[in-house]
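File shown here: my_file.csv, holding CSV, C-alpha atoms.
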chain,number,residue,atom,x,y,z
Z,1,MET,CA,33.6,-64.0,49.4
Z,2,ASN,CA,34.3,-67.7,49.5
Z,3,TYR,CA,38.0,-67.3,49.5
Z,4,THR,CA,40.6,-65.7,51.8
Z,5,VAL,CA,41.6,-62.1,50.9
Z,6,ASP,CA,44.9,-60.8,52.3
Z,7,SER,CA,43.9,-57.3,53.0
Z,8,PRO,CA,43.6,-54.7,55.8
Z,9,ARG,CA,41.0,-55.2,58.5
Z,10,HIS,CA,38.7,-52.7,56.7
Z,11,SER,CA,38.7,-53.2,53.0
Z,12,LEU,CA,37.1,-51.5,49.9
Z,13,PHE,CA,36.6,-53.3,46.7
Z,14,MET,CA,34.8,-52.0,43.6
Z,15,GLU,CA,33.7,-53.9,40.4
Z,16,PRO,CA,31.4,-53.2,37.5
Z,17,PHE,CA,27.8,-54.3,37.9
Z,18,PRO,CA,26.9,-56.3,34.8
Z,19,ARG,CA,23.3,-55.2,34.2
Z,20,ARG,CA,21.1,-52.1,33.8
Z,21,VAL,CA,19.7,-50.7,37.0
Z,22,ARG,CA,16.8,-48.2,37.3
Z,23,ALA,CA,15.3,-46.4,40.3
Z,24,GLU,CA,12.0,-44.6,40.5
Z,25,ILE,CA,10.7,-41.9,42.7
Z,26,GLY,CA,7.1,-40.7,42.3
Z,27,GLY,CA,6.6,-42.8,39.3
Z,28,ARG,CA,9.5,-41.2,37.4
Z,29,THR,CA,12.9,-42.8,36.7
Z,30,VAL,CA,15.6,-40.8,38.5
Z,31,LEU,CA,18.5,-43.3,38.0
Z,32,ASP,CA,19.1,-45.3,34.8
Z,33,SER,CA,22.5,-46.9,34.4
Z,34,ASP,CA,24.2,-49.8,32.7
Z,35,ARG,CA,27.6,-48.4,33.9
Z,36,GLY,CA,27.2,-49.0,37.6
Z,37,TYR,CA,29.7,-50.3,40.1
Z,38,LEU,CA,29.1,-52.3,43.3
Z,39,VAL,CA,31.3,-51.1,46.1
Z,40,HIS,CA,31.9,-53.8,48.7
Z,41,GLU,CA,33.0,-52.5,52.1
Z,42,THR,CA,33.8,-54.4,55.3
Z,43,ASN,CA,30.7,-55.0,57.4
Z,44,LEU,CA,28.4,-53.2,54.9
Z,45,LEU,CA,26.1,-54.4,52.2
Z,46,PRO,CA,27.3,-53.6,48.7
Z,47,VAL,CA,26.4,-50.2,47.4
Z,48,LEU,CA,25.7,-49.2,43.8
Z,49,TYR,CA,27.6,-46.2,42.5
Z,50,VAL,CA,26.8,-44.8,39.0
Z,51,PRO,CA,28.3,-41.9,36.9
Z,52,GLU,CA,26.5,-38.7,37.8
Z,53,GLU,CA,25.3,-38.4,34.2
Z,54,ASP,CA,23.1,-41.4,34.8
Z,55,ILE,CA,21.0,-39.5,37.3
Z,56,ARG,CA,18.0,-37.7,35.7
Z,57,GLN,CA,18.9,-34.2,34.8
Z,58,GLY,CA,17.4,-31.5,37.0
Z,59,VAL,CA,16.4,-33.6,39.9
Z,60,LEU,CA,19.5,-33.0,42.1
Z,61,HIS,CA,19.5,-30.0,44.4
Z,62,PRO,CA,22.3,-28.8,46.8
Z,63,SER,CA,22.3,-29.7,50.4
Z,64,ASP,CA,24.5,-28.4,53.3
Z,65,HIS,CA,24.8,-32.0,54.8
Z,66,THR,CA,28.2,-33.6,54.8
Z,67,THR,CA,29.7,-36.7,56.4
Z,68,HIS,CA,33.2,-38.1,56.8
Z,69,CYS,CA,34.4,-41.6,56.2
Z,70,PRO,CA,38.0,-42.4,57.3
Z,71,TYR,CA,38.3,-44.8,54.4
Z,72,LYS,CA,36.7,-42.9,51.5
Z,73,GLY,CA,36.8,-39.2,52.5
Z,74,ASP,CA,34.3,-36.4,52.8
Z,75,ALA,CA,30.9,-37.0,51.3
Z,76,THR,CA,28.6,-34.3,50.1
Z,77,TYR,CA,24.9,-34.8,49.7
Z,78,ARG,CA,22.1,-33.6,47.4
Z,79,HIS,CA,18.3,-33.6,47.7
Z,80,VAL,CA,16.2,-35.2,44.9
Z,81,LYS,CA,13.2,-33.3,43.8
Z,82,VAL,CA,10.6,-34.9,41.6
Z,83,GLY,CA,7.6,-32.6,41.0
Z,84,GLU,CA,6.6,-31.3,44.4
Z,85,ARG,CA,8.2,-34.2,46.2
Z,86,VAL,CA,11.6,-33.7,47.8
Z,87,VAL,CA,13.7,-36.6,49.3
Z,88,ASP,CA,16.3,-35.0,51.5
Z,89,ASN,CA,20.0,-36.0,51.2
Z,90,ALA,CA,19.1,-38.8,48.9
Z,91,VAL,CA,22.3,-38.8,46.9
Z,92,TRP,CA,25.9,-38.7,48.0
Z,93,SER,CA,29.3,-38.5,46.4
Z,94,TYR,CA,33.0,-38.1,47.2
Z,95,PRO,CA,34.2,-35.1,45.1
Z,96,GLN,CA,37.7,-35.4,46.5
Z,97,PRO,CA,38.0,-39.0,47.7
Z,98,LYS,CA,41.0,-40.3,49.6
Z,99,ASP,CA,43.9,-41.6,47.4
Z,100,GLU,CA,43.1,-45.2,48.2
Z,101,ALA,CA,39.5,-44.7,47.0
Z,102,TYR,CA,40.3,-42.5,44.0
Z,103,TRP,CA,38.0,-44.5,41.8
Z,104,LEU,CA,34.9,-43.0,43.5
Z,105,ARG,CA,35.6,-39.6,41.8
Z,106,GLY,CA,32.7,-38.8,39.4
Z,107,LEU,CA,30.4,-41.4,40.9
Z,108,VAL,CA,27.3,-40.9,43.0
Z,109,ALA,CA,25.1,-43.2,45.1
Z,110,LEU,CA,21.4,-43.1,45.8
Z,111,TYR,CA,20.1,-44.4,49.1
Z,112,TRP,CA,18.0,-47.5,48.5
Z,113,ASP,CA,15.2,-46.4,50.7
Z,114,ALA,CA,15.0,-43.0,49.0
Z,115,ALA,CA,13.6,-44.6,45.9
Z,116,ASP,CA,10.1,-46.1,45.6
Z,117,ALA,CA,11.2,-48.9,43.4
Z,118,TRP,CA,14.4,-50.5,42.0
Z,119,TYR,CA,14.8,-52.6,38.9
Z,120,ASP,CA,17.5,-55.0,37.9
Z,121,GLU,CA,17.0,-55.1,34.1
Z,122,GLY,CA,13.2,-55.5,33.8
Z,123,GLU,CA,12.8,-57.3,37.2
Z,124,ARG,CA,11.8,-55.4,40.3
Z,125,VAL,CA,14.1,-56.1,43.3
Z,126,TYR,CA,13.6,-55.6,47.0
Z,127,GLY,CA,15.9,-55.0,49.9
Z,128,HIS,CA,19.1,-54.4,47.9
Z,129,LEU,CA,20.8,-55.4,44.7
Z,130,LEU,CA,22.0,-59.0,44.6
Z,131,ASP,CA,25.7,-59.4,45.5
Z,132,PRO,CA,27.3,-61.6,42.7
Z,133,TYR,CA,29.4,-63.3,45.4
Z,134,HIS,CA,26.4,-64.3,47.5
Z,135,ARG,CA,25.0,-67.8,46.9
Z,136,VAL,CA,22.1,-69.8,48.1
Z,137,ASP,CA,22.2,-73.6,47.6
Z,138,THR,CA,19.8,-76.2,48.7
Z,139,ARG,CA,20.3,-80.0,49.0
Z,140,ARG,CA,18.1,-82.9,50.2
Z,141,SER,CA,19.7,-84.4,53.2
Z,142,SER,CA,19.4,-87.7,55.1
Z,143,THR,CA,20.5,-86.0,58.4
Z,144,ILE,CA,18.0,-86.6,61.2
Z,145,VAL,CA,16.9,-83.3,62.7
Z,146,ARG,CA,15.3,-83.1,66.1
Z,147,VAL,CA,13.9,-79.8,67.4
Z,148,SER,CA,12.9,-79.7,71.0
Z,149,VAL,CA,12.1,-77.4,73.9
Z,150,GLY,CA,13.1,-79.1,77.1
Z,151,ASP,CA,11.7,-82.6,76.9
Z,152,GLN,CA,9.1,-81.7,74.3
Z,153,VAL,CA,9.9,-82.7,70.7
Z,154,VAL,CA,8.5,-80.0,68.4
Z,155,ALA,CA,9.8,-81.5,65.1
Z,156,LEU,CA,11.5,-84.6,63.9
Z,157,SER,CA,12.6,-85.1,60.3
Z,158,ALA,CA,14.8,-87.6,58.4
Z,159,ASN,CA,14.0,-85.7,55.2
Z,160,PRO,CA,15.2,-82.1,55.7
Z,161,VAL,CA,16.5,-79.7,53.1
Z,162,VAL,CA,19.8,-78.1,54.1
Z,163,LEU,CA,20.2,-74.5,52.8
Z,164,SER,CA,23.7,-73.1,52.5
Z,165,GLU,CA,24.0,-69.4,52.2
Z,166,THR,CA,27.2,-67.3,51.9
Z,167,GLY,CA,28.4,-66.0,55.3
Z,168,LEU,CA,25.8,-68.0,57.3
Z,169,PRO,CA,25.7,-71.4,59.0
Z,170,ASN,CA,23.8,-74.2,57.3
Z,171,ARG,CA,20.0,-74.0,58.0
Z,172,TYR,CA,17.8,-77.1,58.1
Z,173,TYR,CA,14.3,-76.7,56.6
Z,174,LEU,CA,11.8,-79.3,57.7
Z,175,PRO,CA,8.8,-80.6,55.7
Z,176,PRO,CA,5.5,-79.4,57.3
Z,177,ASP,CA,4.4,-83.0,58.0
Z,178,ASP,CA,7.4,-83.5,60.2
Z,179,VAL,CA,6.5,-80.6,62.4
Z,180,ARG,CA,4.0,-80.6,65.3
Z,181,ARG,CA,1.9,-77.8,63.9
Z,182,GLU,CA,-0.4,-77.9,67.0
Z,183,LEU,CA,2.5,-76.4,69.0
Z,184,LEU,CA,2.9,-73.4,66.6
Z,185,THR,CA,1.0,-70.2,66.4
Z,186,PRO,CA,1.4,-67.5,63.8
Z,187,SER,CA,3.5,-64.5,64.6
Z,188,THR,CA,3.1,-61.0,63.2
Z,189,THR,CA,6.8,-60.8,62.4
Z,190,ARG,CA,7.8,-60.6,58.7
Z,191,THR,CA,11.2,-60.3,57.2
Z,192,TYR,CA,12.5,-60.1,53.6
Z,193,CYS,CA,15.6,-61.6,52.1
Z,194,PRO,CA,16.5,-60.5,48.5
Z,195,TYR,CA,17.9,-64.0,47.8
Z,196,LYS,CA,15.1,-66.2,49.2
Z,197,GLY,CA,12.0,-64.0,49.6
Z,198,GLY,CA,9.6,-63.0,52.3
Z,199,ALA,CA,9.5,-65.0,55.6
Z,200,SER,CA,6.6,-65.5,58.0
Z,201,TYR,CA,7.4,-66.3,61.6
Z,202,TRP,CA,5.9,-68.7,64.1
Z,203,ASN,CA,5.8,-68.9,67.9
Z,204,ILE,CA,6.1,-72.1,69.9
Z,205,ARG,CA,3.4,-72.5,72.5
Z,206,ILE,CA,3.8,-75.4,75.1
Z,207,GLY,CA,1.3,-75.0,77.9
Z,208,ASP,CA,1.6,-71.5,79.3
Z,209,ARG,CA,5.0,-71.0,77.8
Z,210,GLU,CA,5.4,-69.2,74.5
Z,211,ILE,CA,8.7,-68.7,72.6
Z,212,ALA,CA,8.2,-65.9,70.1
Z,213,ASP,CA,9.5,-66.1,66.5
Z,214,ALA,CA,11.1,-69.5,67.1
Z,215,ALA,CA,10.6,-70.6,63.4
Z,216,TRP,CA,9.9,-69.2,60.0
Z,217,THR,CA,8.6,-70.4,56.7
Z,218,ILE,CA,9.0,-68.9,53.2
Z,219,PRO,CA,5.5,-69.2,51.6
Z,220,HIS,CA,6.4,-67.6,48.2
Z,221,PRO,CA,10.2,-68.1,47.7
Z,222,LEU,CA,12.3,-66.6,45.0
Z,223,LYS,CA,14.1,-68.8,42.5
Z,224,GLU,CA,16.9,-69.7,44.9
Z,225,GLY,CA,14.5,-70.8,47.7
Z,226,GLN,CA,12.0,-72.9,45.8
Z,227,ASP,CA,13.1,-76.1,47.4
Z,228,VAL,CA,12.2,-74.9,50.9
Z,229,ARG,CA,8.7,-73.6,50.1
Z,230,ASP,CA,6.5,-73.9,53.2
Z,231,HIS,CA,9.3,-75.8,55.1
Z,232,PHE,CA,10.0,-74.8,58.7
Z,233,CYS,CA,13.3,-73.6,59.9
Z,234,PHE,CA,13.9,-73.2,63.6
Z,235,LEU,CA,16.3,-70.9,65.3
Z,236,HIS,CA,16.1,-69.6,68.9
Z,237,ASP,CA,18.2,-69.6,72.1
Z,238,GLU,CA,15.5,-71.6,73.9
Z,239,VAL,CA,15.2,-74.2,71.2
Z,240,ALA,CA,17.5,-77.2,70.9
Z,241,ILE,CA,18.4,-78.5,67.4
Z,242,ASP,CA,20.1,-81.8,67.4
Z,243,LEU,CA,21.6,-83.4,64.2
Z,244,GLU,CA,22.2,-87.1,63.7
Z,245,ARG,CA,23.9,-88.5,60.6
Z,246,ALA,CA,21.8,-91.4,59.2
structure tokens encoding of this file:
Amino acid sequence: MNYTVDSPRHSLFMEPFPRRVRAEIGGRTVLDSDRGYLVHETNLLPVLYVPEEDIRQGVLHPSDHTTHCPYKGDATYRHVKVGERVVDNAVWSYPQPKDEAYWLRGLVALYWDAADAWYDEGERVYGHLLDPYHRVDTRRSSTIVRVSVGDQVVALSANPVVLSETGLPNRYYLPPDDVRRELLTPSTTRTYCPYKGGASYWNIRIGDREIADAAWTIPHPLKEGQDVRDHFCFLHDEVAIDLERA
């Protein structure tokens, strides 16, 4: 959150999720709810909990697996069976939650990776549901950004885009014309951000020295990342990034 919360070191916070969410396994909808809640917990991504009635009837089957959370209580698990396919321990709940998490009673959660596809309204989403407190903002900047490895300048730009994202330091994305592309080689590393989109990584090669995954680009950004399409962002312990205010 972008404000200070006076709370214990480990906190739980639940609020209604405002849109319909669906999850599919084996081409069939197993979760369909417009009554979901996002549970925010310290150091964890938000988790969607829904009323058990919003899980498709007949797909849940008992499991002997249990876990204990010191903040929420004892969790019981159930398998999800769709046709001949079984996803073990895919759904969990807290039948008798701790007093401070009483609001979890009657709600269940489905592991994100247990489903083949998730939909926020009619739009498929990847990675996890978007946290309403998470923002991505981009601004054109006149800051001069110099990227170097030792004495070798890899990129120099007076026209970067600064990307501000909740919980992260500002990142400077540089136009491709301001980057010495001959010093970069494609990496096989790929990552995905539900807020910005898929990133492709680049190695820096200077002579016999190679620094793996020293930069990334977002070739096909989502809405919040359109301003940094194909721009280069550098981040590595062996790479110096110097900023100079114009």
Atomic distance CA of Tyr173 in chain Z - CA of His231 in chain Z, expressed in Å with one decimal: 5.3 Å
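The space between CA of Gly167 in chain Z and CA of His10 in chain Z spans 16.9 Å.
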One-decimal distance in Å that lies between CA of Arg135 in chain Z and CA of Leu110 in chain Z: 25.0 Å
Please produce, as a tab-separated table, a per-residue contact table for range 149-205 of chain Z versus range 212-220 of chain Z (criterion: any atom at most 12 Å away, only C-alpha atoms considered), showing the nearest atom pair and its distance in Å to one decimal, sorted by chain then residue number.
residue	atom	partner	partner_atom	distance
Z:Val149	CA	Z:Ala214	CA	10.5
Z:Val154	CA	Z:Ala215	CA	10.9
Z:Ala155	CA	Z:Ala215	CA	11.1
Z:Arg171	CA	Z:Trp216	CA	11.4
Z:Tyr172	CA	Z:Ala215	CA	11.1
Z:Tyr173	CA	Z:Thr217	CA	8.5
Z:Leu174	CA	Z:Thr217	CA	9.5
Z:Pro175	CA	Z:Thr217	CA	10.3
Z:Pro176	CA	Z:Thr217	CA	9.5
Z:Val179	CA	Z:Ala215	CA	10.9
Z:Arg181	CA	Z:Ala215	CA	11.3
Z:Leu183	CA	Z:Ala214	CA	11.2
Z:Leu184	CA	Z:Ala215	CA	8.8
Z:Thr185	CA	Z:Ala212	CA	9.2
Z:Pro186	CA	Z:Asp213	CA	8.7
Z:Ser187	CA	Z:Asp213	CA	6.5
Z:Thr188	CA	Z:Asp213	CA	8.8
Z:Thr189	CA	Z:Asp213	CA	7.2
Z:Arg190	CA	Z:Trp216	CA	8.9
Z:Thr191	CA	Z:Trp216	CA	9.4
Z:Tyr192	CA	Z:Ile218	CA	9.5
Z:Cys193	CA	Z:Ile218	CA	9.9
Z:Tyr195	CA	Z:Ile218	CA	11.5
Z:Lys196	CA	Z:Ile218	CA	7.8
Z:Gly197	CA	Z:Ile218	CA	6.8
Z:Gly198	CA	Z:Ile218	CA	6.0
Z:Ala199	CA	Z:Ile218	CA	4.6
Z:Ser200	CA	Z:Trp216	CA	5.3
Z:Tyr201	CA	Z:Trp216	CA	4.1
Z:Trp202	CA	Z:Asp213	CA	5.0
Z:Asn203	CA	Z:Ala212	CA	4.4
Z:Ile204	CA	Z:Ala214	CA	6.3
Z:Arg205	CA	Z:Ala212	CA	8.5
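Closest approach to Gln152 in chain Z from the set Z:Ile206, Z:Val50, Z:Val59, Z:Leu130 is made by Z:Ile206, with distances taken over all atoms listed in the file.
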Residue with smallest distance to Ala158 in chain Z - pool Z:Asp99, Z:Arg209, Z:Ile144, Z:Leu107, counting only C-alpha atoms: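 Comparing Z:Asp99, Z:Arg209, Z:Ile144, Z:Leu107 against Ala158 in chain Z, the winner is Z:Ile144.
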Spatial neighbours of range 23-39 of chain Z, max dist 10 Å, all atoms listed in the file, sep filter under 6 positions, as a PyMOL selection string: chain Z and resi 12-17+45-60+80-87+104+107-110+112+114-121+124+129-132
Residue nearest Ile241 in chain Z among Z:His79, Z:Arg146, Z:His61, Z:His68 (counting only C-alpha atoms): Z:Arg146
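Proximity to Leu243 in chain Z was assessed for Z:Ser148, Z:Gln96, Z:Tyr102, Z:His128 counting only C-alpha atoms; the smallest distance is recorded for Z:Ser148.
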Which of Z:Asp230, Z:Glu210, Z:Glu224, Z:Glu123 sits closest to Glu165 in chain Z [using all atoms listed in the file]: Z:Glu224
Nearest to Asp74 in chain Z, chosen from Z:Tyr94, Z:Asp208, Z:Trp103, Z:Val161, with all atoms listed in the file counted in the distances: Z:Tyr94
Any chance you could build range 67-98 of chain Z out to N, CA and C atoms and write it as a PDB file, keeping the file's coordinate frame?
ATOM      1  N   THR Z  67      29.269 -35.683  55.457  1.00  0.00           N
ATOM      2  CA  THR Z  67      29.700 -36.700  56.400  1.00  0.00           C
ATOM      3  C   THR Z  67      31.192 -37.019  56.065  1.00  0.00           C
ATOM      4  N   HIS Z  68      31.852 -37.666  57.025  1.00  0.00           N
ATOM      5  CA  HIS Z  68      33.200 -38.100  56.800  1.00  0.00           C
ATOM      6  C   HIS Z  68      33.399 -39.546  57.001  1.00  0.00           C
ATOM      7  N   CYS Z  69      34.065 -40.202  56.057  1.00  0.00           N
ATOM      8  CA  CYS Z  69      34.400 -41.600  56.200  1.00  0.00           C
ATOM      9  C   CYS Z  69      35.935 -41.715  56.218  1.00  0.00           C
ATOM     10  N   PRO Z  70      36.501 -42.358  57.244  1.00  0.00           N
ATOM     11  CA  PRO Z  70      38.000 -42.400  57.300  1.00  0.00           C
ATOM     12  C   PRO Z  70      38.600 -43.244  56.205  1.00  0.00           C
ATOM     13  N   TYR Z  71      37.776 -43.987  55.456  1.00  0.00           N
ATOM     14  CA  TYR Z  71      38.300 -44.800  54.400  1.00  0.00           C
ATOM     15  C   TYR Z  71      38.081 -44.266  53.002  1.00  0.00           C
ATOM     16  N   LYS Z  72      37.012 -43.441  52.874  1.00  0.00           N
ATOM     17  CA  LYS Z  72      36.700 -42.900  51.500  1.00  0.00           C
ATOM     18  C   LYS Z  72      36.851 -41.421  51.436  1.00  0.00           C
ATOM     19  N   GLY Z  73      36.681 -40.698  52.528  1.00  0.00           N
ATOM     20  CA  GLY Z  73      36.800 -39.200  52.500  1.00  0.00           C
ATOM     21  C   GLY Z  73      35.592 -38.519  52.919  1.00  0.00           C
ATOM     22  N   ASP Z  74      35.471 -37.249  52.486  1.00  0.00           N
ATOM     23  CA  ASP Z  74      34.300 -36.400  52.800  1.00  0.00           C
ATOM     24  C   ASP Z  74      33.249 -36.514  51.779  1.00  0.00           C
ATOM     25  N   ALA Z  75      32.046 -36.823  52.243  1.00  0.00           N
ATOM     26  CA  ALA Z  75      30.900 -37.000  51.300  1.00  0.00           C
ATOM     27  C   ALA Z  75      30.038 -35.743  51.346  1.00  0.00           C
ATOM     28  N   THR Z  76      29.616 -35.319  50.173  1.00  0.00           N
ATOM     29  CA  THR Z  76      28.600 -34.300  50.100  1.00  0.00           C
ATOM     30  C   THR Z  76      27.310 -34.879  49.592  1.00  0.00           C
ATOM     31  N   TYR Z  77      26.212 -34.210  49.950  1.00  0.00           N
ATOM     32  CA  TYR Z  77      24.900 -34.800  49.700  1.00  0.00           C
ATOM     33  C   TYR Z  77      24.058 -33.804  48.848  1.00  0.00           C
ATOM     34  N   ARG Z  78      23.054 -34.372  48.181  1.00  0.00           N
ATOM     35  CA  ARG Z  78      22.100 -33.600  47.400  1.00  0.00           C
ATOM     36  C   ARG Z  78      20.691 -34.120  47.611  1.00  0.00           C
ATOM     37  N   HIS Z  79      19.749 -33.208  47.598  1.00  0.00           N
ATOM     38  CA  HIS Z  79      18.300 -33.600  47.700  1.00  0.00           C
ATOM     39  C   HIS Z  79      17.911 -34.038  46.254  1.00  0.00           C
ATOM     40  N   VAL Z  80      16.886 -34.875  46.207  1.00  0.00           N
ATOM     41  CA  VAL Z  80      16.200 -35.200  44.900  1.00  0.00           C
ATOM     42  C   VAL Z  80      14.844 -34.653  44.946  1.00  0.00           C
ATOM     43  N   LYS Z  81      14.514 -33.880  43.909  1.00  0.00           N
ATOM     44  CA  LYS Z  81      13.200 -33.300  43.800  1.00  0.00           C
ATOM     45  C   LYS Z  81      12.528 -33.778  42.521  1.00  0.00           C
ATOM     46  N   VAL Z  82      11.369 -34.396  42.681  1.00  0.00           N
ATOM     47  CA  VAL Z  82      10.600 -34.900  41.600  1.00  0.00           C
ATOM     48  C   VAL Z  82       9.188 -34.272  41.685  1.00  0.00           C
ATOM     49  N   GLY Z  83       8.872 -33.342  40.808  1.00  0.00           N
ATOM     50  CA  GLY Z  83       7.600 -32.600  41.000  1.00  0.00           C
ATOM     51  C   GLY Z  83       7.645 -31.813  42.246  1.00  0.00           C
ATOM     52  N   GLU Z  84       6.630 -32.004  43.089  1.00  0.00           N
ATOM     53  CA  GLU Z  84       6.600 -31.300  44.400  1.00  0.00           C
ATOM     54  C   GLU Z  84       7.220 -32.144  45.495  1.00  0.00           C
ATOM     55  N   ARG Z  85       7.654 -33.325  45.179  1.00  0.00           N
ATOM     56  CA  ARG Z  85       8.200 -34.200  46.200  1.00  0.00           C
ATOM     57  C   ARG Z  85       9.713 -34.025  46.316  1.00  0.00           C
ATOM     58  N   VAL Z  86      10.191 -33.880  47.560  1.00  0.00           N
ATOM     59  CA  VAL Z  86      11.600 -33.700  47.800  1.00  0.00           C
ATOM     60  C   VAL Z  86      12.058 -34.828  48.764  1.00  0.00           C
ATOM     61  N   VAL Z  87      13.107 -35.546  48.385  1.00  0.00           N
ATOM     62  CA  VAL Z  87      13.700 -36.600  49.300  1.00  0.00           C
ATOM     63  C   VAL Z  87      15.056 -35.976  49.718  1.00  0.00           C
ATOM     64  N   ASP Z  88      15.123 -35.648  50.998  1.00  0.00           N
ATOM     65  CA  ASP Z  88      16.300 -35.000  51.500  1.00  0.00           C
ATOM     66  C   ASP Z  88      17.525 -35.873  51.526  1.00  0.00           C
ATOM     67  N   ASN Z  89      18.649 -35.284  51.128  1.00  0.00           N
ATOM     68  CA  ASN Z  89      20.000 -36.000  51.200  1.00  0.00           C
ATOM     69  C   ASN Z  89      19.925 -37.370  50.666  1.00  0.00           C
ATOM     70  N   ALA Z  90      19.279 -37.517  49.512  1.00  0.00           N
ATOM     71  CA  ALA Z  90      19.100 -38.800  48.900  1.00  0.00           C
ATOM     72  C   ALA Z  90      20.290 -39.360  48.178  1.00  0.00           C
ATOM     73  N   VAL Z  91      21.122 -38.461  47.697  1.00  0.00           N
ATOM     74  CA  VAL Z  91      22.300 -38.800  46.900  1.00  0.00           C
ATOM     75  C   VAL Z  91      23.547 -38.300  47.505  1.00  0.00           C
ATOM     76  N   TRP Z  92      24.591 -39.127  47.513  1.00  0.00           N
ATOM     77  CA  TRP Z  92      25.900 -38.700  48.000  1.00  0.00           C
ATOM     78  C   TRP Z  92      26.996 -38.995  47.062  1.00  0.00           C
ATOM     79  N   SER Z  93      28.099 -38.294  47.233  1.00  0.00           N
ATOM     80  CA  SER Z  93      29.300 -38.500  46.400  1.00  0.00           C
ATOM     81  C   SER Z  93      30.517 -38.077  47.163  1.00  0.00           C
ATOM     82  N   TYR Z  94      31.678 -38.443  46.632  1.00  0.00           N
ATOM     83  CA  TYR Z  94      33.000 -38.100  47.200  1.00  0.00           C
ATOM     84  C   TYR Z  94      33.723 -37.245  46.151  1.00  0.00           C
ATOM     85  N   PRO Z  95      33.529 -35.912  46.130  1.00  0.00           N
ATOM     86  CA  PRO Z  95      34.200 -35.100  45.100  1.00  0.00           C
ATOM     87  C   PRO Z  95      35.703 -35.191  45.130  1.00  0.00           C
ATOM     88  N   GLN Z  96      36.267 -35.309  46.343  1.00  0.00           N
ATOM     89  CA  GLN Z  96      37.700 -35.400  46.500  1.00  0.00           C
ATOM     90  C   GLN Z  96      37.989 -36.652  47.395  1.00  0.00           C
ATOM     91  N   PRO Z  97      37.822 -37.852  46.867  1.00  0.00           N
ATOM     92  CA  PRO Z  97      38.000 -39.000  47.700  1.00  0.00           C
ATOM     93  C   PRO Z  97      39.451 -39.219  48.140  1.00  0.00           C
ATOM     94  N   LYS Z  98      39.646 -40.003  49.170  1.00  0.00           N
ATOM     95  CA  LYS Z  98      41.000 -40.300  49.600  1.00  0.00           C
ATOM     96  C   LYS Z  98      41.738 -41.046  48.489  1.00  0.00           C
TER      97      LYS Z  98
END
